[in-house]
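Reproduced below: coords.txt, with compact mmCIF, C-alpha atoms.
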# COMPACT_ATOMS: atom_id res chain seq x y z
CA MET A 267 -132.93 61.21 -48.84
CA LYS A 268 -134.58 62.16 -52.10
CA VAL A 269 -137.75 62.99 -50.18
CA LEU A 270 -135.77 65.33 -47.97
CA ARG A 271 -134.11 67.00 -50.95
CA ALA A 272 -137.53 67.78 -52.39
CA SER A 273 -139.31 68.63 -49.13
CA VAL A 274 -136.82 71.11 -47.68
CA PRO A 275 -136.92 73.55 -50.64
CA LEU A 276 -140.70 73.18 -50.75
CA PHE A 277 -140.98 74.11 -47.09
CA ALA A 278 -138.64 77.08 -47.59
CA PHE A 279 -140.84 78.19 -50.49
CA TRP A 280 -143.91 77.80 -48.27
CA LEU A 281 -142.29 80.03 -45.64
CA VAL A 282 -141.55 82.69 -48.26
CA LEU A 283 -145.08 82.63 -49.63
CA THR A 284 -146.96 82.63 -46.33
CA GLY A 285 -144.51 84.89 -44.53
CA SER A 286 -145.91 83.83 -41.17
CA LEU A 287 -144.48 81.88 -38.25
CA LYS A 288 -147.77 80.97 -36.56
CA SER A 289 -147.73 77.35 -35.42
CA PHE A 290 -150.85 76.50 -37.44
CA ASP A 291 -149.29 77.73 -40.69
CA LEU A 292 -146.03 75.96 -39.89
CA VAL A 293 -147.75 72.62 -39.27
CA ILE A 294 -149.80 72.85 -42.46
CA GLY A 295 -146.63 73.73 -44.39
CA LEU A 296 -144.66 70.86 -42.90
CA VAL A 297 -147.37 68.31 -43.69
CA LEU A 298 -147.89 69.61 -47.22
CA SER A 299 -144.20 69.81 -48.13
CA ALA A 300 -143.56 66.34 -46.71
CA LEU A 301 -146.45 64.90 -48.76
CA LEU A 302 -145.48 66.78 -51.93
CA GLY A 303 -141.81 65.92 -51.48
CA TRP A 304 -142.65 62.26 -51.08
CA TRP A 305 -144.87 62.35 -54.16
CA ALA A 306 -142.19 64.18 -56.17
CA ALA A 307 -139.49 61.71 -55.15
CA VAL A 308 -141.67 58.75 -56.08
CA ALA A 309 -143.42 60.00 -59.20
CA LEU A 310 -141.32 62.79 -60.71
CA TRP A 311 -137.75 61.52 -60.29
CA PRO A 312 -137.94 57.76 -60.57
CA THR A 313 -134.28 57.45 -61.64
CA ASP A 314 -131.43 57.75 -59.19
CA ASP A 315 -129.44 60.49 -60.90
CA ASP A 316 -126.86 62.53 -59.10
CA PRO A 317 -128.27 65.85 -58.02
CA SER A 318 -127.51 68.30 -60.79
CA LEU A 319 -127.26 71.25 -58.43
CA THR A 320 -124.55 70.46 -55.89
CA PRO A 321 -123.64 73.12 -53.30
CA THR A 322 -120.45 74.03 -55.20
CA ARG A 323 -122.42 74.51 -58.40
CA ALA A 324 -125.04 76.54 -56.58
CA VAL A 325 -122.34 78.92 -55.33
CA ARG A 326 -120.75 79.15 -58.78
CA PHE A 327 -124.19 79.77 -60.26
CA VAL A 328 -124.73 82.69 -57.87
CA PHE A 329 -121.54 84.20 -59.25
CA TYR A 330 -122.69 83.56 -62.82
CA VAL A 331 -125.94 85.51 -62.38
CA PRO A 332 -124.43 89.05 -62.01
CA TRP A 333 -122.36 88.52 -65.16
CA LEU A 334 -125.50 87.38 -67.01
CA ILE A 335 -127.45 90.40 -65.75
CA LYS A 336 -124.68 92.71 -66.98
CA GLU A 337 -124.76 91.03 -70.42
CA ILE A 338 -128.56 91.33 -70.52
CA LEU A 339 -128.44 95.04 -69.71
CA VAL A 340 -125.74 95.79 -72.31
CA ALA A 341 -127.58 93.84 -75.01
CA ALA A 342 -131.00 95.29 -74.06
CA THR A 343 -129.61 98.78 -74.52
CA GLY A 344 -128.24 97.73 -77.90
CA VAL A 345 -131.65 96.45 -78.98
CA ALA A 346 -133.36 99.59 -77.67
CA GLU A 347 -131.02 101.72 -79.78
CA ILE A 348 -131.71 99.64 -82.91
CA VAL A 349 -135.48 99.75 -82.41
CA LEU A 350 -135.55 103.51 -81.81
CA ARG A 351 -133.36 104.45 -84.84
CA PRO A 352 -135.64 105.71 -87.61
CA ARG A 353 -133.93 103.49 -90.24
CA MET A 354 -133.86 100.48 -87.88
CA PRO A 355 -130.52 98.93 -88.96
CA ILE A 356 -131.33 95.27 -88.51
CA ASP A 357 -129.97 92.41 -90.56
CA PRO A 358 -131.36 89.22 -89.02
CA LEU A 359 -129.45 86.03 -89.60
CA VAL A 360 -129.62 82.48 -88.37
CA ILE A 361 -126.45 80.80 -87.21
CA VAL A 362 -125.83 77.26 -86.07
CA TYR A 363 -123.53 77.23 -83.11
CA HIS A 364 -121.82 74.11 -81.86
CA SER A 365 -121.19 74.15 -78.15
CA PRO A 366 -119.15 71.61 -76.23
CA VAL A 367 -121.31 71.74 -73.07
CA GLN A 368 -122.62 68.28 -72.36
CA SER A 369 -124.99 67.78 -69.44
CA ALA A 370 -128.72 68.43 -69.67
CA VAL A 371 -128.61 71.20 -67.06
CA SER A 372 -125.85 73.15 -68.76
CA ARG A 373 -127.50 72.81 -72.17
CA VAL A 374 -130.74 74.22 -70.77
CA ALA A 375 -128.85 76.96 -68.93
CA PHE A 376 -126.90 77.86 -72.09
CA ALA A 377 -129.96 77.92 -74.36
CA ASN A 378 -131.89 80.00 -71.84
CA SER A 379 -128.95 82.38 -71.36
CA ILE A 380 -128.75 82.96 -75.11
CA THR A 381 -132.47 83.67 -75.26
CA LEU A 382 -132.34 85.94 -72.22
CA THR A 383 -129.66 88.07 -73.83
CA PRO A 384 -131.48 90.47 -76.14
CA GLY A 385 -130.70 90.22 -79.84
CA THR A 386 -130.22 86.47 -79.75
CA LEU A 387 -132.91 83.81 -79.62
CA THR A 388 -132.39 80.06 -79.43
CA VAL A 389 -134.69 78.71 -82.11
CA ASP A 390 -133.79 75.04 -82.06
CA LEU A 391 -131.55 72.68 -80.14
CA GLU A 392 -130.45 69.31 -81.43
CA GLY A 393 -127.66 67.48 -79.65
CA SER A 394 -125.10 70.22 -79.10
CA ASN A 395 -126.04 72.29 -82.16
CA TYR A 396 -127.87 75.47 -81.27
CA THR A 397 -129.81 77.23 -83.99
CA VAL A 398 -129.73 80.87 -82.98
CA HIS A 399 -131.65 83.73 -84.56
CA CYS A 400 -129.70 87.00 -84.23
CA LEU A 401 -130.93 90.52 -84.93
CA ASN A 402 -127.62 91.49 -86.56
CA LYS A 403 -124.01 90.42 -86.99
CA GLU A 404 -122.85 92.04 -83.76
CA PHE A 405 -125.11 89.83 -81.64
CA ALA A 406 -124.11 86.76 -83.67
CA ARG A 407 -120.46 87.51 -82.94
CA GLY A 408 -121.31 87.69 -79.25
CA VAL A 409 -122.57 84.10 -79.30
CA GLU A 410 -119.77 82.81 -81.51
CA ALA A 411 -117.13 84.29 -79.19
CA GLY A 412 -118.02 81.40 -76.88
CA ASP A 413 -117.61 83.40 -73.69
CA MET A 414 -121.01 82.40 -72.36
CA ASP A 415 -120.70 78.64 -72.78
CA ARG A 416 -117.21 78.71 -71.27
CA ARG A 417 -118.77 80.25 -68.19
CA ILE A 418 -121.64 77.74 -68.20
CA HIS A 419 -119.08 74.95 -68.49
CA ARG A 420 -117.22 76.33 -65.48
CA VAL A 421 -120.44 76.55 -63.46
CA PHE A 422 -122.01 73.17 -64.16
CA GLU A 423 -119.34 70.83 -65.43
CA GLU A 424 -116.18 71.18 -63.37
CA MET B 78 -139.41 110.63 -44.04
CA ASN B 79 -135.68 110.63 -43.34
CA ALA B 80 -132.87 110.89 -45.87
CA VAL B 81 -132.34 107.14 -46.40
CA GLU B 82 -136.04 106.60 -47.03
CA ALA B 83 -136.12 109.48 -49.47
CA ILE B 84 -133.14 108.11 -51.40
CA LEU B 85 -134.70 104.63 -51.55
CA ARG B 86 -137.98 106.13 -52.75
CA ALA B 87 -136.12 108.06 -55.45
CA LEU B 88 -134.29 104.90 -56.57
CA THR B 89 -137.62 103.09 -56.75
CA VAL B 90 -139.04 105.79 -58.98
CA ILE B 91 -135.96 105.73 -61.23
CA LEU B 92 -135.97 101.92 -61.54
CA CYS B 93 -139.70 101.81 -62.29
CA ALA B 94 -139.23 104.53 -64.91
CA ILE B 95 -136.42 102.52 -66.53
CA GLY B 96 -138.69 99.46 -66.46
CA ALA B 97 -141.52 101.36 -68.12
CA PHE B 98 -139.05 102.61 -70.75
CA TYR B 99 -138.00 99.08 -71.65
CA PHE B 100 -141.63 97.94 -71.82
CA PHE B 101 -142.20 100.85 -74.19
CA ILE B 102 -139.21 99.79 -76.34
CA GLY B 103 -140.57 96.25 -76.38
CA THR B 104 -143.90 97.49 -77.68
CA VAL B 105 -142.33 99.75 -80.29
CA GLY B 106 -140.11 96.90 -81.42
CA MET B 107 -143.10 94.60 -81.62
CA LEU B 108 -144.81 97.07 -83.96
CA ARG B 109 -141.79 98.03 -86.06
CA LEU B 110 -139.79 94.83 -86.55
CA PRO B 111 -140.44 92.97 -89.80
CA ASP B 112 -141.17 89.32 -88.96
CA PHE B 113 -142.19 86.79 -86.35
CA TYR B 114 -138.71 85.98 -85.06
CA SER B 115 -137.49 89.52 -84.59
CA ARG B 116 -140.81 90.42 -82.95
CA THR B 117 -140.30 87.55 -80.54
CA HIS B 118 -136.99 89.19 -79.60
CA ALA B 119 -138.75 92.42 -78.72
CA ALA B 120 -141.66 90.78 -76.93
CA THR B 121 -139.69 88.45 -74.68
CA LYS B 122 -136.45 90.25 -73.93
CA CYS B 123 -137.30 93.86 -73.36
CA ASP B 124 -140.07 92.69 -71.08
CA THR B 125 -137.56 90.70 -69.04
CA VAL B 126 -135.45 93.80 -68.43
CA GLY B 127 -138.53 95.97 -67.88
CA ALA B 128 -140.20 93.67 -65.39
CA GLY B 129 -136.89 92.91 -63.66
CA SER B 130 -136.18 96.59 -63.19
CA ILE B 131 -139.65 97.32 -61.84
CA LEU B 132 -139.45 94.36 -59.43
CA LEU B 133 -136.04 95.55 -58.22
CA GLY B 134 -137.51 98.98 -57.61
CA LEU B 135 -140.36 97.47 -55.60
CA MET B 136 -137.86 95.47 -53.53
CA LEU B 137 -136.04 98.68 -52.60
CA MET B 138 -139.31 100.24 -51.55
CA GLN B 139 -140.28 97.27 -49.37
CA GLY B 140 -136.99 96.84 -47.58
CA PHE B 141 -136.03 93.40 -46.33
CA GLY B 142 -138.98 91.19 -45.40
CA ALA B 143 -141.42 88.54 -46.50
CA ILE B 144 -142.67 90.60 -49.44
CA THR B 145 -139.15 91.13 -50.76
CA LEU B 146 -138.54 87.37 -50.65
CA LYS B 147 -141.72 86.91 -52.66
CA LEU B 148 -140.50 89.49 -55.17
CA ILE B 149 -137.18 87.64 -55.48
CA ALA B 150 -139.06 84.38 -56.12
CA LEU B 151 -141.13 86.20 -58.74
CA THR B 152 -137.99 87.54 -60.44
CA ALA B 153 -136.47 84.06 -60.56
CA LEU B 154 -139.65 82.67 -62.08
CA LEU B 155 -139.66 85.44 -64.67
CA LEU B 156 -136.00 84.86 -65.60
CA LEU B 157 -136.74 81.17 -66.12
CA SER B 158 -140.13 81.27 -67.81
CA SER B 159 -139.67 84.21 -70.17
CA PRO B 160 -136.83 82.77 -72.30
CA THR B 161 -138.43 79.33 -72.16
CA ALA B 162 -141.70 80.67 -73.56
CA GLY B 163 -139.81 82.66 -76.21
CA HIS B 164 -137.86 79.60 -77.21
CA ALA B 165 -141.02 77.47 -77.36
CA LEU B 166 -142.67 79.99 -79.69
CA ALA B 167 -139.65 80.33 -81.96
CA ARG B 168 -139.03 76.59 -82.08
CA ALA B 169 -142.63 75.89 -83.00
CA ALA B 170 -142.39 78.42 -85.83
CA PHE B 171 -139.02 77.10 -87.00
CA ARG B 172 -140.16 73.48 -87.03
CA THR B 173 -143.28 74.42 -88.99
CA GLY B 174 -140.99 75.88 -91.63
CA LEU B 175 -141.43 79.63 -91.19
CA LYS B 176 -138.47 81.31 -92.90
CA PRO B 177 -136.81 84.22 -91.08
CA TRP B 178 -136.96 87.59 -92.81
CA ARG B 179 -133.68 88.72 -94.45
CA SER B 180 -132.81 92.28 -95.31
CA PRO B 181 -133.27 93.11 -99.03
CA GLU B 182 -129.48 93.15 -99.74
CA HIS B 183 -129.34 89.45 -98.96
CA THR B 184 -132.36 88.27 -100.88
CA GLU B 185 -130.99 89.33 -104.31
CA GLY B 186 -127.39 88.08 -104.37
CA GLU B 187 -127.19 85.33 -101.82
CA ASP B 188 -123.38 85.32 -101.52
CA ALA B 189 -123.08 88.93 -100.38
CA THR B 190 -121.78 88.58 -96.85
Can you present the structure in this file as structure tokens?
Amino acid sequence: MKVLRASVPLFAFWLVLTGSLKSFDLVIGLVLSALLGWWAAVALWPTDDDPSLTPTRAVRFVFYVPWLIKEILVAATGVAEIVLRPRMPIDPLVIVYHSPVQSAVSRVAFANSITLTPGTLTVDLEGSNYTVHCLNKEFARGVEAGDMDRRIHRVFEE
Amino acid sequence: MNAVEAILRALTVILCAIGAFYFFIGTVGMLRLPDFYSRTHAATKCDTVGAGSILLGLMLMQGFGAITLKLIALTALLLLSSPTAGHALARAAFRTGLKPWRSPEHTEGEDAT
């Protein structure tokens, strides 16, 4: 079962990369993804955890991405404006933000989302305390509003 | 070249121009910002938007097909690896004890909010 869960995505990735349906390529891909999937299941995931990306979560995640892209664009424009101003009105500060998200996946997703959004950078992560470097108070307020981790919580933990 | 193709081509040009603009901002920010952390902001984030926009433009030019799927995979990789690398850099600096730069108003009287 675990072998299958690793092999199927690998084979799909093979199809994307080769972009060919010739029988030779297909056979090579099948053999390779079966071998790699078996190796991954044995060596990389020795514990029997629940899959962290269930179908429901995958669908929710797809809906999370457009919102994240919108946030990234808004914040990137903000940073561009700051950088281009002759006086460059920055006032960097470091905040420690405590987030209630629990699971490993959602903590990684949250930390990466913060870093992806321009103007905020996850510097350190210990337990559920995120040390975030912000270019100015506006960006800090954006993190402290807690909108992003509420969404992460909805995607990965419900 | 029919009308749809022409519109797609125009969108590609616009998106690639936007991408180049954000790369430019990233470079300017890299040169102008005062310290390591804020430079990391410029280097990792503006490049994400810039590269994402250019890749999106290339997808429009290619239409649906194997190459577009490859471009989507590339975008996903970029969205995952770019913040991770930025975080790794910043964390290494933070753990080594590099203090973030504060604006001059804060360094004199510490309790000025």
At a cut-off of 12 Å, can you tabulate as a Markdown table every residue of stretch 354-382 of chain A near stretch 108-123 of chain B together with its closest atom pair and the distance in Å to one decimal, using all atoms listed in the file and ordering rows by chain then number?
| residue | atom | partner | partner_atom | distance |
| --- | --- | --- | --- | --- |
| A:Met354 | CA | B:Leu110 | CA | 8.3 |
| A:Pro355 | CA | B:Leu110 | CA | 10.4 |
| A:Ile356 | CA | B:Leu110 | CA | 8.7 |
| A:Asp357 | CA | B:Ser115 | CA | 10.0 |
| A:Pro358 | CA | B:Ser115 | CA | 7.6 |
| A:Leu359 | CA | B:Ser115 | CA | 10.1 |
| A:Val360 | CA | B:Tyr114 | CA | 10.3 |
| A:Asn378 | CA | B:Lys122 | CA | 11.4 |
| A:Ser379 | CA | B:Lys122 | CA | 11.2 |
| A:Ile380 | CA | B:Lys122 | CA | 10.7 |
| A:Thr381 | CA | B:Lys122 | CA | 7.8 |
| A:Leu382 | CA | B:Lys122 | CA | 6.2 |
Restrict the calculation to all atoms listed in the file, then for each residue of chain B with any atom at most 7 Å from an atom of chain A give the closest atom pair and their distance in Å to one decimal, rows by chain and rising residue number, as JSON lines.
{"residue": "B:Ile102", "atom": "CA", "partner": "A:Ala346", "partner_atom": "CA", "distance": 6.0}
{"residue": "B:Gly106", "atom": "CA", "partner": "A:Val349", "partner_atom": "CA", "distance": 5.5}
{"residue": "B:Ser115", "atom": "CA", "partner": "A:Leu401", "partner_atom": "CA", "distance": 6.6}
{"residue": "B:His118", "atom": "CA", "partner": "A:Gly385", "partner_atom": "CA", "distance": 6.4}
{"residue": "B:Lys122", "atom": "CA", "partner": "A:Pro384", "partner_atom": "CA", "distance": 5.4}
{"residue": "B:Cys123", "atom": "CA", "partner": "A:Ala342", "partner_atom": "CA", "distance": 6.5}
{"residue": "B:Ala143", "atom": "CA", "partner": "A:Gly285", "partner_atom": "CA", "distance": 5.2}
{"residue": "B:Leu146", "atom": "CA", "partner": "A:Val282", "partner_atom": "CA", "distance": 6.1}
{"residue": "B:Lys147", "atom": "CA", "partner": "A:Val282", "partner_atom": "CA", "distance": 6.1}
{"residue": "B:Pro160", "atom": "CA", "partner": "A:Thr381", "partner_atom": "CA", "distance": 5.3}
{"residue": "B:Thr161", "atom": "CA", "partner": "A:Asn378", "partner_atom": "CA", "distance": 6.6}
{"residue": "B:His164", "atom": "CA", "partner": "A:Val389", "partner_atom": "CA", "distance": 5.9}
{"residue": "B:Ala167", "atom": "CA", "partner": "A:Val389", "partner_atom": "CA", "distance": 5.2}
{"residue": "B:Arg168", "atom": "CA", "partner": "A:Val389", "partner_atom": "CA", "distance": 4.8}
{"residue": "B:Phe171", "atom": "CA", "partner": "A:Val389", "partner_atom": "CA", "distance": 6.7}
{"residue": "B:Trp178", "atom": "CA", "partner": "A:Pro358", "partner_atom": "CA", "distance": 7.0}
{"residue": "B:Arg179", "atom": "CA", "partner": "A:Pro358", "partner_atom": "CA", "distance": 5.9}
{"residue": "B:Ser180", "atom": "CA", "partner": "A:Asp357", "partner_atom": "CA", "distance": 5.5}
**Report entry** Nearby residues (all atoms listed in the file) at most 12 Å from B:Leu88, same-chain spacing under 5 positions excluded, as a PyMOL selection string
**Finding:** chain B and resi 81-83+93-95+130-131+133-138
Restricting the output to C-alpha atoms, write the selected residues as a PDB file, keeping the file's coordinate frame.
ATOM      1  CA  VAL B  81    -132.340 107.140 -46.400  1.00  0.00           C
ATOM      2  CA  GLU B  82    -136.040 106.600 -47.030  1.00  0.00           C
ATOM      3  CA  ALA B  83    -136.120 109.480 -49.470  1.00  0.00           C
ATOM      4  CA  CYS B  93    -139.700 101.810 -62.290  1.00  0.00           C
ATOM      5  CA  ALA B  94    -139.230 104.530 -64.910  1.00  0.00           C
ATOM      6  CA  ILE B  95    -136.420 102.520 -66.530  1.00  0.00           C
ATOM      7  CA  SER B 130    -136.180  96.590 -63.190  1.00  0.00           C
ATOM      8  CA  ILE B 131    -139.650  97.320 -61.840  1.00  0.00           C
ATOM      9  CA  LEU B 133    -136.040  95.550 -58.220  1.00  0.00           C
ATOM     10  CA  GLY B 134    -137.510  98.980 -57.610  1.00  0.00           C
ATOM     11  CA  LEU B 135    -140.360  97.470 -55.600  1.00  0.00           C
ATOM     12  CA  MET B 136    -137.860  95.470 -53.530  1.00  0.00           C
ATOM     13  CA  LEU B 137    -136.040  98.680 -52.600  1.00  0.00           C
ATOM     14  CA  MET B 138    -139.310 100.240 -51.550  1.00  0.00           C
TER      15      MET B 138
END
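Here atom CA of A:Glu423 and atom CA of A:Val331 stand 16.4 Å from one another.
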Query - Best match for closeness to B:Gly129 among B:Ala153, B:Met78, B:Met107, B:Arg86, counting all atoms listed in the file - result: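 Closest residue, counting all atoms listed in the file: B:Ala153.
Coordinates place atom CA of A:Val340 at a distance of 20.9 Å from atom CA of B:Thr89.
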Query raised in the report: If you measure from atom CA of A:Phe376 to atom CA of A:Ser394, what distance in Å do you get, rounded to one decimal?
Result: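 Pair atom CA of A:Phe376 / atom CA of A:Ser394 returns 10.5 Å.
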Find the residues around A:Leu301 up to 12 Å (all atoms listed in the file counted), leave out those fewer than 3 positions away in its own chain, and share them as a PDB file with C-alpha atoms, keeping the file's coordinate frame.
ATOM      1  CA  VAL A 269    -137.750  62.990 -50.180  1.00  0.00           C
ATOM      2  CA  LEU A 270    -135.770  65.330 -47.970  1.00  0.00           C
ATOM      3  CA  ALA A 272    -137.530  67.780 -52.390  1.00  0.00           C
ATOM      4  CA  SER A 273    -139.310  68.630 -49.130  1.00  0.00           C
ATOM      5  CA  VAL A 274    -136.820  71.110 -47.680  1.00  0.00           C
ATOM      6  CA  LEU A 276    -140.700  73.180 -50.750  1.00  0.00           C
ATOM      7  CA  PHE A 277    -140.980  74.110 -47.090  1.00  0.00           C
ATOM      8  CA  ILE A 294    -149.800  72.850 -42.460  1.00  0.00           C
ATOM      9  CA  GLY A 295    -146.630  73.730 -44.390  1.00  0.00           C
ATOM     10  CA  LEU A 296    -144.660  70.860 -42.900  1.00  0.00           C
ATOM     11  CA  VAL A 297    -147.370  68.310 -43.690  1.00  0.00           C
ATOM     12  CA  LEU A 298    -147.890  69.610 -47.220  1.00  0.00           C
ATOM     13  CA  TRP A 304    -142.650  62.260 -51.080  1.00  0.00           C
ATOM     14  CA  TRP A 305    -144.870  62.350 -54.160  1.00  0.00           C
ATOM     15  CA  ALA A 306    -142.190  64.180 -56.170  1.00  0.00           C
ATOM     16  CA  ALA A 307    -139.490  61.710 -55.150  1.00  0.00           C
ATOM     17  CA  VAL A 308    -141.670  58.750 -56.080  1.00  0.00           C
ATOM     18  CA  ALA A 309    -143.420  60.000 -59.200  1.00  0.00           C
TER      19      ALA A 309
END
